[in-house]
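File shown here: input_39.cif, holding mmCIF, N, CA and C atoms.
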```
data_start
#
loop_
_atom_site.label_atom_id
_atom_site.label_comp_id
_atom_site.auth_asym_id
_atom_site.auth_seq_id
_atom_site.Cartn_x
_atom_site.Cartn_y
_atom_site.Cartn_z
N MET C 10 0.81 -1.18 0.00
CA MET C 10 0.00 0.00 0.00
C MET C 10 0.86 1.26 0.00
N GLY C 11 2.00 1.19 0.66
CA GLY C 11 2.88 2.35 0.72
C GLY C 11 3.41 2.74 -0.65
N LEU C 12 3.65 1.76 -1.51
CA LEU C 12 4.15 2.06 -2.85
C LEU C 12 3.05 2.74 -3.67
N VAL C 13 1.83 2.32 -3.51
CA VAL C 13 0.69 2.97 -4.19
C VAL C 13 0.55 4.41 -3.68
N ALA C 14 0.71 4.59 -2.38
CA ALA C 14 0.61 5.94 -1.80
C ALA C 14 1.63 6.88 -2.43
N ARG C 15 2.83 6.39 -2.66
CA ARG C 15 3.85 7.25 -3.30
C ARG C 15 3.42 7.70 -4.68
N VAL C 16 2.87 6.79 -5.47
CA VAL C 16 2.43 7.13 -6.82
C VAL C 16 1.29 8.15 -6.77
N VAL C 17 0.35 7.95 -5.88
CA VAL C 17 -0.77 8.90 -5.72
C VAL C 17 -0.24 10.27 -5.30
N GLU C 18 0.71 10.29 -4.37
CA GLU C 18 1.31 11.55 -3.92
C GLU C 18 1.97 12.31 -5.07
N GLU C 19 2.56 11.58 -6.00
CA GLU C 19 3.21 12.24 -7.15
C GLU C 19 2.22 13.02 -8.00
N THR C 20 0.93 12.68 -7.92
CA THR C 20 -0.09 13.42 -8.67
C THR C 20 -0.60 14.62 -7.88
N GLY C 21 -0.11 14.79 -6.64
CA GLY C 21 -0.50 15.93 -5.83
C GLY C 21 -1.59 15.65 -4.80
N ILE C 22 -1.97 14.39 -4.65
CA ILE C 22 -3.01 14.03 -3.68
C ILE C 22 -2.34 13.50 -2.41
N PRO C 23 -2.57 14.15 -1.27
CA PRO C 23 -1.96 13.65 -0.02
C PRO C 23 -2.54 12.30 0.38
N THR C 24 -1.70 11.44 0.92
CA THR C 24 -2.12 10.11 1.35
C THR C 24 -1.68 9.84 2.78
N VAL C 25 -2.39 8.95 3.43
CA VAL C 25 -2.00 8.42 4.74
C VAL C 25 -2.30 6.93 4.71
N THR C 26 -1.33 6.11 5.06
CA THR C 26 -1.59 4.68 5.21
C THR C 26 -1.72 4.38 6.69
N VAL C 27 -2.53 3.38 7.00
CA VAL C 27 -2.67 2.90 8.37
C VAL C 27 -2.16 1.47 8.36
N SER C 28 -1.20 1.19 9.23
CA SER C 28 -0.45 -0.06 9.15
C SER C 28 -0.45 -0.82 10.46
N THR C 29 -0.45 -2.15 10.35
CA THR C 29 -0.23 -3.01 11.51
C THR C 29 1.12 -3.71 11.40
N GLY C 30 1.89 -3.39 10.40
CA GLY C 30 3.22 -3.96 10.19
C GLY C 30 4.27 -2.86 10.20
N ARG C 31 4.70 -2.46 11.38
CA ARG C 31 5.60 -1.31 11.50
C ARG C 31 6.92 -1.54 10.77
N ASP C 32 7.48 -2.73 10.87
CA ASP C 32 8.76 -3.01 10.23
C ASP C 32 8.67 -2.89 8.71
N ILE C 33 7.62 -3.43 8.13
CA ILE C 33 7.43 -3.36 6.69
C ILE C 33 7.18 -1.91 6.26
N THR C 34 6.35 -1.21 7.02
CA THR C 34 6.05 0.20 6.70
C THR C 34 7.31 1.04 6.76
N ALA C 35 8.16 0.81 7.74
CA ALA C 35 9.41 1.57 7.86
C ALA C 35 10.32 1.32 6.66
N LEU C 36 10.31 0.12 6.12
CA LEU C 36 11.13 -0.19 4.96
C LEU C 36 10.56 0.43 3.68
N VAL C 37 9.25 0.39 3.52
CA VAL C 37 8.62 0.91 2.30
C VAL C 37 8.62 2.44 2.29
N ARG C 38 8.55 3.04 3.47
CA ARG C 38 8.60 4.50 3.63
C ARG C 38 7.50 5.23 2.83
N PRO C 39 6.22 4.96 3.12
CA PRO C 39 5.17 5.73 2.46
C PRO C 39 5.24 7.19 2.91
N PRO C 40 4.59 8.09 2.17
CA PRO C 40 4.66 9.52 2.51
C PRO C 40 4.25 9.84 3.95
N ARG C 41 3.16 9.27 4.41
CA ARG C 41 2.68 9.45 5.78
C ARG C 41 2.04 8.14 6.21
N SER C 42 2.35 7.69 7.42
CA SER C 42 1.75 6.44 7.87
C SER C 42 1.52 6.46 9.37
N LEU C 43 0.39 5.88 9.76
CA LEU C 43 0.06 5.67 11.16
C LEU C 43 0.20 4.17 11.44
N PHE C 44 0.84 3.85 12.54
CA PHE C 44 0.98 2.46 12.95
C PHE C 44 0.06 2.20 14.12
N VAL C 45 -0.75 1.15 14.02
CA VAL C 45 -1.56 0.68 15.15
C VAL C 45 -1.07 -0.71 15.52
N ASN C 46 -0.77 -0.91 16.77
CA ASN C 46 -0.23 -2.19 17.22
C ASN C 46 -1.38 -3.16 17.48
N PHE C 47 -2.04 -3.54 16.38
CA PHE C 47 -3.15 -4.48 16.40
C PHE C 47 -2.75 -5.69 15.57
N PRO C 48 -3.43 -6.82 15.76
CA PRO C 48 -3.13 -7.99 14.93
C PRO C 48 -3.36 -7.69 13.45
N MET C 49 -2.56 -8.30 12.60
CA MET C 49 -2.71 -8.13 11.16
C MET C 49 -4.17 -8.41 10.76
N GLY C 50 -4.67 -7.59 9.85
CA GLY C 50 -6.05 -7.75 9.40
C GLY C 50 -7.05 -6.98 10.23
N ASN C 51 -6.60 -6.32 11.29
CA ASN C 51 -7.47 -5.56 12.18
C ASN C 51 -7.02 -4.11 12.25
N THR C 52 -6.64 -3.55 11.13
CA THR C 52 -6.05 -2.21 11.08
C THR C 52 -6.92 -1.15 11.76
N PHE C 53 -8.23 -1.27 11.61
CA PHE C 53 -9.13 -0.28 12.21
C PHE C 53 -9.85 -0.84 13.42
N GLY C 54 -9.37 -1.93 13.98
CA GLY C 54 -9.98 -2.50 15.18
C GLY C 54 -10.87 -3.67 14.87
N ARG C 55 -11.66 -4.03 15.86
CA ARG C 55 -12.54 -5.19 15.74
C ARG C 55 -13.75 -4.90 14.86
N VAL C 56 -14.28 -5.95 14.26
CA VAL C 56 -15.51 -5.84 13.48
C VAL C 56 -16.61 -5.32 14.39
N GLY C 57 -17.33 -4.30 13.93
CA GLY C 57 -18.45 -3.76 14.69
C GLY C 57 -18.08 -2.71 15.72
N ASP C 58 -16.79 -2.48 15.95
CA ASP C 58 -16.36 -1.48 16.93
C ASP C 58 -16.26 -0.12 16.23
N THR C 59 -17.43 0.46 15.96
CA THR C 59 -17.45 1.70 15.17
C THR C 59 -16.79 2.87 15.88
N ALA C 60 -16.81 2.87 17.21
CA ALA C 60 -16.16 3.97 17.94
C ALA C 60 -14.65 3.95 17.69
N ARG C 61 -14.03 2.77 17.78
CA ARG C 61 -12.58 2.66 17.56
C ARG C 61 -12.25 2.92 16.09
N GLN C 62 -13.06 2.39 15.18
CA GLN C 62 -12.84 2.59 13.75
C GLN C 62 -12.90 4.07 13.40
N THR C 63 -13.87 4.76 13.97
CA THR C 63 -14.00 6.21 13.73
C THR C 63 -12.81 6.96 14.30
N GLU C 64 -12.35 6.55 15.48
CA GLU C 64 -11.19 7.19 16.11
C GLU C 64 -9.95 7.09 15.22
N ILE C 65 -9.71 5.91 14.66
CA ILE C 65 -8.54 5.71 13.81
C ILE C 65 -8.69 6.47 12.50
N LEU C 66 -9.88 6.42 11.92
CA LEU C 66 -10.12 7.16 10.68
C LEU C 66 -9.91 8.66 10.88
N ARG C 67 -10.42 9.20 11.96
CA ARG C 67 -10.24 10.65 12.24
C ARG C 67 -8.77 11.00 12.44
N ALA C 68 -8.04 10.11 13.11
CA ALA C 68 -6.60 10.34 13.30
C ALA C 68 -5.89 10.36 11.95
N ALA C 69 -6.27 9.46 11.05
CA ALA C 69 -5.64 9.41 9.73
C ALA C 69 -5.97 10.67 8.92
N LEU C 70 -7.21 11.09 8.95
CA LEU C 70 -7.60 12.30 8.20
C LEU C 70 -6.91 13.53 8.77
N ASP C 71 -6.81 13.61 10.09
CA ASP C 71 -6.11 14.73 10.72
C ASP C 71 -4.64 14.73 10.34
N PHE C 72 -4.03 13.55 10.32
CA PHE C 72 -2.61 13.41 9.99
C PHE C 72 -2.34 13.84 8.55
N ALA C 73 -3.31 13.65 7.67
CA ALA C 73 -3.15 14.04 6.26
C ALA C 73 -2.90 15.54 6.13
N VAL C 74 -3.46 16.33 7.03
CA VAL C 74 -3.31 17.79 6.93
C VAL C 74 -2.32 18.37 7.94
N THR C 75 -1.89 17.57 8.93
CA THR C 75 -0.97 18.12 9.94
C THR C 75 0.47 17.65 9.83
N ALA C 76 0.71 16.57 9.09
CA ALA C 76 2.08 16.07 8.96
C ALA C 76 2.95 17.14 8.31
N GLU C 77 4.09 17.41 8.91
CA GLU C 77 4.93 18.50 8.45
C GLU C 77 6.05 18.09 7.51
N GLU C 78 6.32 16.79 7.39
CA GLU C 78 7.39 16.34 6.51
C GLU C 78 7.03 14.98 5.93
N PRO C 79 7.55 14.67 4.76
CA PRO C 79 7.24 13.37 4.15
C PRO C 79 7.98 12.23 4.85
N GLY C 80 7.43 11.04 4.71
CA GLY C 80 8.08 9.86 5.26
C GLY C 80 7.87 9.66 6.75
N VAL C 81 6.89 10.35 7.33
CA VAL C 81 6.67 10.28 8.76
C VAL C 81 5.88 9.01 9.11
N LEU C 82 6.32 8.30 10.13
CA LEU C 82 5.64 7.12 10.65
C LEU C 82 5.34 7.39 12.12
N VAL C 83 4.06 7.47 12.45
CA VAL C 83 3.63 7.79 13.81
C VAL C 83 2.93 6.59 14.41
N ASP C 84 3.26 6.29 15.66
CA ASP C 84 2.60 5.21 16.39
C ASP C 84 1.38 5.79 17.11
N LEU C 85 0.19 5.27 16.78
CA LEU C 85 -0.99 5.67 17.52
C LEU C 85 -0.96 4.98 18.88
N PRO C 86 -1.25 5.71 19.96
CA PRO C 86 -1.16 5.12 21.31
C PRO C 86 -2.42 4.32 21.65
N LEU C 87 -2.71 3.31 20.86
CA LEU C 87 -3.88 2.46 21.09
C LEU C 87 -3.42 1.07 21.45
N GLU C 88 -4.21 0.38 22.26
CA GLU C 88 -3.83 -0.98 22.67
C GLU C 88 -4.93 -1.96 22.32
N TRP C 89 -4.52 -3.15 21.86
CA TRP C 89 -5.44 -4.25 21.63
C TRP C 89 -5.80 -4.81 23.00
N ASP C 90 -7.02 -5.23 23.19
CA ASP C 90 -7.49 -5.60 24.54
C ASP C 90 -7.16 -7.03 24.97
N GLU C 91 -6.41 -7.76 24.18
CA GLU C 91 -5.96 -9.10 24.60
C GLU C 91 -4.61 -9.38 23.97
N PRO C 92 -3.83 -10.28 24.55
CA PRO C 92 -2.49 -10.55 24.02
C PRO C 92 -2.54 -11.14 22.60
N PHE C 93 -1.55 -10.79 21.80
CA PHE C 93 -1.37 -11.39 20.48
C PHE C 93 0.11 -11.39 20.17
N VAL C 94 0.51 -12.27 19.30
CA VAL C 94 1.92 -12.41 18.96
C VAL C 94 2.20 -11.61 17.70
N TYR C 95 3.21 -10.76 17.78
CA TYR C 95 3.64 -9.99 16.62
C TYR C 95 5.14 -10.17 16.49
N PHE C 96 5.57 -10.72 15.40
CA PHE C 96 7.00 -10.91 15.17
C PHE C 96 7.49 -9.83 14.23
N ALA C 97 8.25 -8.89 14.74
CA ALA C 97 8.76 -7.80 13.92
C ALA C 97 9.94 -8.24 13.07
N GLY C 98 10.67 -9.22 13.53
CA GLY C 98 11.83 -9.67 12.78
C GLY C 98 12.90 -8.59 12.72
N GLU C 99 13.92 -8.86 11.95
CA GLU C 99 14.98 -7.89 11.76
C GLU C 99 15.17 -7.63 10.29
N ALA C 100 15.27 -6.39 9.92
CA ALA C 100 15.54 -6.03 8.53
C ALA C 100 17.03 -6.23 8.27
N THR C 101 17.35 -6.82 7.14
CA THR C 101 18.75 -7.04 6.81
C THR C 101 19.36 -5.72 6.33
N PRO C 102 20.66 -5.56 6.47
CA PRO C 102 21.31 -4.35 5.97
C PRO C 102 21.08 -4.15 4.46
N GLU C 103 21.02 -5.26 3.73
CA GLU C 103 20.80 -5.15 2.29
C GLU C 103 19.42 -4.59 1.98
N ALA C 104 18.40 -5.05 2.69
CA ALA C 104 17.03 -4.55 2.47
C ALA C 104 16.93 -3.09 2.82
N ILE C 105 17.56 -2.69 3.91
CA ILE C 105 17.53 -1.28 4.30
C ILE C 105 18.24 -0.42 3.25
N ALA C 106 19.38 -0.86 2.77
CA ALA C 106 20.12 -0.10 1.75
C ALA C 106 19.30 0.06 0.48
N ARG C 107 18.60 -0.99 0.06
CA ARG C 107 17.75 -0.89 -1.15
C ARG C 107 16.65 0.14 -0.95
N GLN C 108 16.04 0.16 0.22
CA GLN C 108 14.94 1.10 0.46
C GLN C 108 15.45 2.54 0.54
N LEU C 109 16.62 2.74 1.08
CA LEU C 109 17.16 4.09 1.20
C LEU C 109 17.52 4.69 -0.15
N LYS C 110 17.76 3.84 -1.15
CA LYS C 110 18.08 4.32 -2.49
C LYS C 110 16.85 4.86 -3.23
N LYS C 111 15.64 4.50 -2.76
CA LYS C 111 14.41 4.89 -3.45
C LYS C 111 14.06 6.33 -3.20
#
```

What does the file become when written as structure tokens?
Amino acid sequence: MGLVARVVEETGIPTVTVSTGRDITALVRPPRSLFVNFPMGNTFGRVGDTARQTEILRAALDFAVTAEEPGVLVDLPLEWDEPFVYFAGEATPEAIARQLKK
């Protein structure tokens, strides 16, 4: 999604991605991204939790107009209400070097 956001930004349309994969998002470096530490597939929270979904959507829309520099990755201070396993892994030096060239 971050690569698509870059292409859209090139046309002059601001974008914000919402991510549950911080490590991948940091490597792709979309123009603006919010990270939510939720299980993959639950970017906007649980099914039917319209209050949480609205909260995240409003944060993304606000970020679209308040971000002061490109490539910003912000962690939203939200917590999932039960334990889940998230493996961030380690980015290799080669992968980081490739992304920095873009």

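Among the candidates C:Ile65, C:Ile105, C:Val17, C:Leu43, the residue lying nearest to C:Val81 is C:Leu43 (atoms considered: all atoms listed in the file).
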
To test your reading of the structure, identify every residue in stretch 19-56 of chain C that backbone DSSP assigns to strand (DSSP E), and report it as an mmCIF file with N, CA and C atoms, keeping the file's coordinate frame.
```cif
data_model
loop_
_atom_site.group_PDB
_atom_site.id
_atom_site.type_symbol
_atom_site.label_atom_id
_atom_site.label_comp_id
_atom_site.auth_asym_id
_atom_site.auth_seq_id
_atom_site.Cartn_x
_atom_site.Cartn_y
_atom_site.Cartn_z
ATOM 1 N N THR C 26 -1.330 6.110 5.060
ATOM 2 C CA THR C 26 -1.590 4.680 5.210
ATOM 3 C C THR C 26 -1.720 4.380 6.690
ATOM 4 N N VAL C 27 -2.530 3.380 7.000
ATOM 5 C CA VAL C 27 -2.670 2.900 8.370
ATOM 6 C C VAL C 27 -2.160 1.470 8.360
ATOM 7 N N SER C 28 -1.200 1.190 9.230
ATOM 8 C CA SER C 28 -0.450 -0.060 9.150
ATOM 9 C C SER C 28 -0.450 -0.820 10.460
ATOM 10 N N ARG C 41 3.160 9.270 4.410
ATOM 11 C CA ARG C 41 2.680 9.450 5.780
ATOM 12 C C ARG C 41 2.040 8.140 6.210
ATOM 13 N N SER C 42 2.350 7.690 7.420
ATOM 14 C CA SER C 42 1.750 6.440 7.870
ATOM 15 C C SER C 42 1.520 6.460 9.370
ATOM 16 N N LEU C 43 0.390 5.880 9.760
ATOM 17 C CA LEU C 43 0.060 5.670 11.160
ATOM 18 C C LEU C 43 0.200 4.170 11.440
ATOM 19 N N PHE C 44 0.840 3.850 12.540
ATOM 20 C CA PHE C 44 0.980 2.460 12.950
ATOM 21 C C PHE C 44 0.060 2.200 14.120
#
```

Quiz item: Which residues match the PyMOL selection byres ((chain C and resi 25) around 7) in the file above, as a list in words?
Solution: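 With the shown file as input, the PyMOL selection byres ((chain C and resi 25) around 7) matches Ala14, Pro23, Thr24, Thr26, Val27, Pro40, Arg41, Ser42, Leu43, Ala69, Phe72 and Ala73 of chain C.
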
Per-axis box centre and lengths in Å around stretch 73-76 of chain C, 4 Å margin per side, axis-aligned, as AutoDock Vina command-line options:
```
--center_x -0.3 --center_y 16.0 --center_z 8.0 --size_x 14.4 --size_y 12.7 --size_z 11.8
```

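If you measure from each of C:Leu82, C:Glu91, C:Phe53, C:Ile22 to C:Ala35 using all atoms listed in the file, the closest one turns out to be C:Leu82.
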
Exercise. Measure the distance from atom CA of C:Val56 to atom CA of C:Ala68 in Å and round it to one decimal.
Key: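 Atom-to-atom, atom CA of C:Val56 and atom CA of C:Ala68 are spaced 18.5 Å apart.
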
Exercise. Enumerate as a ChimeraX atom specification all residues of chain C assigned to alpha helix (DSSP H) by DSSP on the backbone, naming them with the chain letters and numbers the document uses.
Key: /C:11-19,31-37,59-75,102-109

Quiz item: So how far away is atom CA of C:Ala60 from atom CA of C:Asp32, in Å?
Solution: 27.0 Å

Quiz item: How far is it from atom CA of C:Gly30 to atom CA of C:Val83, in Å with one decimal?
Solution: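 Atom CA of C:Val83 lies 12.3 Å from atom CA of C:Gly30.
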
Exercise. Using only C-alpha atoms, pick whichever of C:Arg15, C:Arg31, C:Arg61, C:Arg55 has the shortest atom-to-atom distance to C:Leu87.
Key: C:Arg61

Need a file for chain C from that block: C-alpha atoms, written as a PDB file, in the first residue's frame.
```
ATOM      1  CA  MET C  10       0.000   0.000   0.000  1.00  0.00           C
ATOM      2  CA  GLY C  11       2.881   2.346   0.718  1.00  0.00           C
ATOM      3  CA  LEU C  12       4.146   2.057  -2.855  1.00  0.00           C
ATOM      4  CA  VAL C  13       0.695   2.969  -4.192  1.00  0.00           C
ATOM      5  CA  ALA C  14       0.609   5.936  -1.804  1.00  0.00           C
ATOM      6  CA  ARG C  15       3.853   7.249  -3.295  1.00  0.00           C
ATOM      7  CA  VAL C  16       2.428   7.126  -6.823  1.00  0.00           C
ATOM      8  CA  VAL C  17      -0.765   8.897  -5.725  1.00  0.00           C
ATOM      9  CA  GLU C  18       1.307  11.552  -3.919  1.00  0.00           C
ATOM     10  CA  GLU C  19       3.209  12.236  -7.145  1.00  0.00           C
ATOM     11  CA  THR C  20      -0.091  13.421  -8.667  1.00  0.00           C
ATOM     12  CA  GLY C  21      -0.504  15.933  -5.826  1.00  0.00           C
ATOM     13  CA  ILE C  22      -3.008  14.033  -3.680  1.00  0.00           C
ATOM     14  CA  PRO C  23      -1.965  13.653  -0.024  1.00  0.00           C
ATOM     15  CA  THR C  24      -2.125  10.111   1.355  1.00  0.00           C
ATOM     16  CA  VAL C  25      -2.003   8.416   4.740  1.00  0.00           C
ATOM     17  CA  THR C  26      -1.589   4.685   5.208  1.00  0.00           C
ATOM     18  CA  VAL C  27      -2.675   2.897   8.375  1.00  0.00           C
ATOM     19  CA  SER C  28      -0.450  -0.057   9.150  1.00  0.00           C
ATOM     20  CA  THR C  29      -0.231  -3.010  11.510  1.00  0.00           C
ATOM     21  CA  GLY C  30       3.222  -3.961  10.195  1.00  0.00           C
ATOM     22  CA  ARG C  31       5.602  -1.311  11.504  1.00  0.00           C
ATOM     23  CA  ASP C  32       8.762  -3.007  10.234  1.00  0.00           C
ATOM     24  CA  ILE C  33       7.428  -3.355   6.685  1.00  0.00           C
ATOM     25  CA  THR C  34       6.050   0.195   6.699  1.00  0.00           C
ATOM     26  CA  ALA C  35       9.405   1.569   7.859  1.00  0.00           C
ATOM     27  CA  LEU C  36      11.129  -0.187   4.957  1.00  0.00           C
ATOM     28  CA  VAL C  37       8.617   0.914   2.304  1.00  0.00           C
ATOM     29  CA  ARG C  38       8.596   4.498   3.628  1.00  0.00           C
ATOM     30  CA  PRO C  39       5.166   5.729   2.463  1.00  0.00           C
ATOM     31  CA  PRO C  40       4.663   9.517   2.509  1.00  0.00           C
ATOM     32  CA  ARG C  41       2.679   9.446   5.777  1.00  0.00           C
ATOM     33  CA  SER C  42       1.754   6.436   7.873  1.00  0.00           C
ATOM     34  CA  LEU C  43       0.060   5.666  11.157  1.00  0.00           C
ATOM     35  CA  PHE C  44       0.985   2.456  12.949  1.00  0.00           C
ATOM     36  CA  VAL C  45      -1.562   0.685  15.147  1.00  0.00           C
ATOM     37  CA  ASN C  46      -0.231  -2.190  17.220  1.00  0.00           C
ATOM     38  CA  PHE C  47      -3.150  -4.476  16.399  1.00  0.00           C
ATOM     39  CA  PRO C  48      -3.131  -7.989  14.929  1.00  0.00           C
ATOM     40  CA  MET C  49      -2.713  -8.131  11.157  1.00  0.00           C
ATOM     41  CA  GLY C  50      -6.048  -7.747   9.396  1.00  0.00           C
ATOM     42  CA  ASN C  51      -7.473  -5.559  12.176  1.00  0.00           C
ATOM     43  CA  THR C  52      -6.050  -2.208  11.081  1.00  0.00           C
ATOM     44  CA  PHE C  53      -9.129  -0.284  12.210  1.00  0.00           C
ATOM     45  CA  GLY C  54      -9.975  -2.499  15.179  1.00  0.00           C
ATOM     46  CA  ARG C  55     -12.537  -5.193  15.738  1.00  0.00           C
ATOM     47  CA  VAL C  56     -15.509  -5.842  13.476  1.00  0.00           C
ATOM     48  CA  GLY C  57     -18.453  -3.762  14.688  1.00  0.00           C
ATOM     49  CA  ASP C  58     -16.363  -1.475  16.930  1.00  0.00           C
ATOM     50  CA  THR C  59     -17.452   1.699  15.169  1.00  0.00           C
ATOM     51  CA  ALA C  60     -16.159   3.970  17.939  1.00  0.00           C
ATOM     52  CA  ARG C  61     -12.582   2.656  17.559  1.00  0.00           C
ATOM     53  CA  GLN C  62     -12.840   2.588  13.751  1.00  0.00           C
ATOM     54  CA  THR C  63     -14.002   6.208  13.734  1.00  0.00           C
ATOM     55  CA  GLU C  64     -11.186   7.189  16.114  1.00  0.00           C
ATOM     56  CA  ILE C  65      -8.540   5.709  13.812  1.00  0.00           C
ATOM     57  CA  LEU C  66     -10.119   7.163  10.680  1.00  0.00           C
ATOM     58  CA  ARG C  67     -10.239  10.646  12.235  1.00  0.00           C
ATOM     59  CA  ALA C  68      -6.605  10.341  13.300  1.00  0.00           C
ATOM     60  CA  ALA C  69      -5.641   9.409   9.726  1.00  0.00           C
ATOM     61  CA  LEU C  70      -7.597  12.300   8.203  1.00  0.00           C
ATOM     62  CA  ASP C  71      -6.112  14.734  10.719  1.00  0.00           C
ATOM     63  CA  PHE C  72      -2.615  13.411   9.987  1.00  0.00           C
ATOM     64  CA  ALA C  73      -3.149  14.044   6.263  1.00  0.00           C
ATOM     65  CA  VAL C  74      -3.305  17.786   6.932  1.00  0.00           C
ATOM     66  CA  THR C  75      -0.975  18.124   9.940  1.00  0.00           C
ATOM     67  CA  ALA C  76       2.084  16.066   8.958  1.00  0.00           C
ATOM     68  CA  GLU C  77       4.930  18.504   8.448  1.00  0.00           C
ATOM     69  CA  GLU C  78       7.388  16.342   6.510  1.00  0.00           C
ATOM     70  CA  PRO C  79       7.239  13.368   4.150  1.00  0.00           C
ATOM     71  CA  GLY C  80       8.077   9.856   5.263  1.00  0.00           C
ATOM     72  CA  VAL C  81       6.665  10.276   8.760  1.00  0.00           C
ATOM     73  CA  LEU C  82       5.643   7.121  10.652  1.00  0.00           C
ATOM     74  CA  VAL C  83       3.631   7.792  13.805  1.00  0.00           C
ATOM     75  CA  ASP C  84       2.597   5.211  16.392  1.00  0.00           C
ATOM     76  CA  LEU C  85      -0.993   5.672  17.525  1.00  0.00           C
ATOM     77  CA  PRO C  86      -1.162   5.119  21.305  1.00  0.00           C
ATOM     78  CA  LEU C  87      -3.883   2.464  21.090  1.00  0.00           C
ATOM     79  CA  GLU C  88      -3.832  -0.979  22.673  1.00  0.00           C
ATOM     80  CA  TRP C  89      -5.437  -4.245  21.632  1.00  0.00           C
ATOM     81  CA  ASP C  90      -7.487  -5.602  24.535  1.00  0.00           C
ATOM     82  CA  GLU C  91      -5.959  -9.098  24.599  1.00  0.00           C
ATOM     83  CA  PRO C  92      -2.490 -10.554  24.017  1.00  0.00           C
ATOM     84  CA  PHE C  93      -1.371 -11.391  20.483  1.00  0.00           C
ATOM     85  CA  VAL C  94       1.916 -12.407  18.958  1.00  0.00           C
ATOM     86  CA  TYR C  95       3.643  -9.986  16.619  1.00  0.00           C
ATOM     87  CA  PHE C  96       6.997 -10.914  15.169  1.00  0.00           C
ATOM     88  CA  ALA C  97       8.764  -7.797  13.924  1.00  0.00           C
ATOM     89  CA  GLY C  98      11.835  -9.673  12.778  1.00  0.00           C
ATOM     90  CA  GLU C  99      14.979  -7.887  11.761  1.00  0.00           C
ATOM     91  CA  ALA C 100      15.544  -6.026   8.530  1.00  0.00           C
ATOM     92  CA  THR C 101      18.750  -7.038   6.808  1.00  0.00           C
ATOM     93  CA  PRO C 102      21.312  -4.347   5.970  1.00  0.00           C
ATOM     94  CA  GLU C 103      20.799  -5.153   2.292  1.00  0.00           C
ATOM     95  CA  ALA C 104      17.026  -4.555   2.466  1.00  0.00           C
ATOM     96  CA  ILE C 105      17.533  -1.277   4.300  1.00  0.00           C
ATOM     97  CA  ALA C 106      20.123  -0.102   1.752  1.00  0.00           C
ATOM     98  CA  ARG C 107      17.750  -0.889  -1.148  1.00  0.00           C
ATOM     99  CA  GLN C 108      14.942   1.095   0.458  1.00  0.00           C
ATOM    100  CA  LEU C 109      17.158   4.094   1.200  1.00  0.00           C
ATOM    101  CA  LYS C 110      18.080   4.325  -2.494  1.00  0.00           C
ATOM    102  CA  LYS C 111      14.411   4.893  -3.449  1.00  0.00           C
TER     103      LYS C 111
END
```
